[in-house]
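Take a look at the structure below.
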Amino acid sequence: MSALRIRRATVADLETLAAIEGQCFGRHDPHDQLAAELSRSWAVIFVTEWHEAAAVEVTGFINVWRVADEVEVLFVATAPRFQRRGHARIAMQETLRWAAGDGARSAVLEVRPSNAAARALYASLGFVEVGRRDRYYDDGEDALLLRATLDAPAREL
Ligand SMILES: CC(C)(COP(=O)(O)OP(=O)(O)OC[C@H]1O[C@@H](n2cnc3c(N)ncnc32)[C@H](O)[C@@H]1OP(=O)(O)O)[C@@H](O)C(=O)NCCC(=O)NCCS
């Protein structure tokens, strides 16, 4: 039987997550940054895990900050060979449900205008454009600021 599960990341996941981040964003050595995220009390990383027979594989992750009545989505990534199988959607939905249960009333994130895949994912989850940050990214591309109102029922992860 196969199933997709979501759980909190631990230090033991860092190498796998760094590899996925490298594949998805082309970053070199994101290990230390991810380790720093795990040490921050306001940061949470959830991983998606594909279970098939006796095998378990981490397929992606989502990194968020819980601050006041908001949850900020910093990164969401699915390893290329697992993309387009609904893993990021499940990760986002479960994370937003967890955040709502933890008191968050809205979710915010930045996205590149050129990132059609991520924009489609976020739009399907109710995110709407509320602003634009000029030359936000290192390469000079602007960022779109998106927000979603959270009204999902509380649920433990
Ligand atoms: C964006 C990303 C996280 C999507 O992950 P995923 O697991 O493949 O996404 P899902 O399978 O859950 O797709 C959910 C929806 O997103 C949209 N989507 C995902 N990939 C898409 C693509 N290549 N083109 C267009 N829409 C896409 C679709 O609306 C899709 O729903 P559908 O399959 O019913 O049409 C993945 O492409 C990725 O890791 N990209 C590189 C990192 C990145 O850009 N992250 C976002 C910025 S932090």
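By order of appearance in the structure tokens: chains A, B, ..., then residues from 1 within every chain, and ligands from 1 in the order shown.
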Neighbourhood of ligand 1 at 10 Å, counting only C-alpha atoms and all ligand atoms, reported as a PyMOL selection string: chain A and resi 20-26+48+59-63+73-93+109-112+114-125
Per-residue DSSP, range 1-156 of chain A, filtered to strand (DSSP E), as a PyMOL selection string: chain A and resi 2-8+43-52+55-67+70-78+106-111+128-133+143-149
CA of Glu129 in chain A to CA of Gln33 in chain A, distance in Å rounded to a single decimal: 27.7 Å
Atomic separation - CA of Leu4 in chain A relative to CA of Arg147 in chain A, Å: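 Going from CA of Arg147 in chain A over to CA of Leu4 in chain A covers 26.5 Å.
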Pick from A:Arg7, A:Arg97, A:Tyr136, A:Ser2, whichever lies nearest to Phe46 in chain A using only C-alpha atoms: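 Nearest candidate to Phe46 in chain A out of A:Arg7, A:Arg97, A:Tyr136, A:Ser2: A:Arg7.
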Minimum-distance residue to Gly103 in chain A, chosen among A:Glu57, A:Arg133, A:Leu150, A:Gly126 (using only C-alpha atoms): A:Leu150
Test item, alpha helix (DSSP H) assignment across chain A, answer as a PyMOL selection string: chain A and resi 14-25+31-39+87-101+116-124
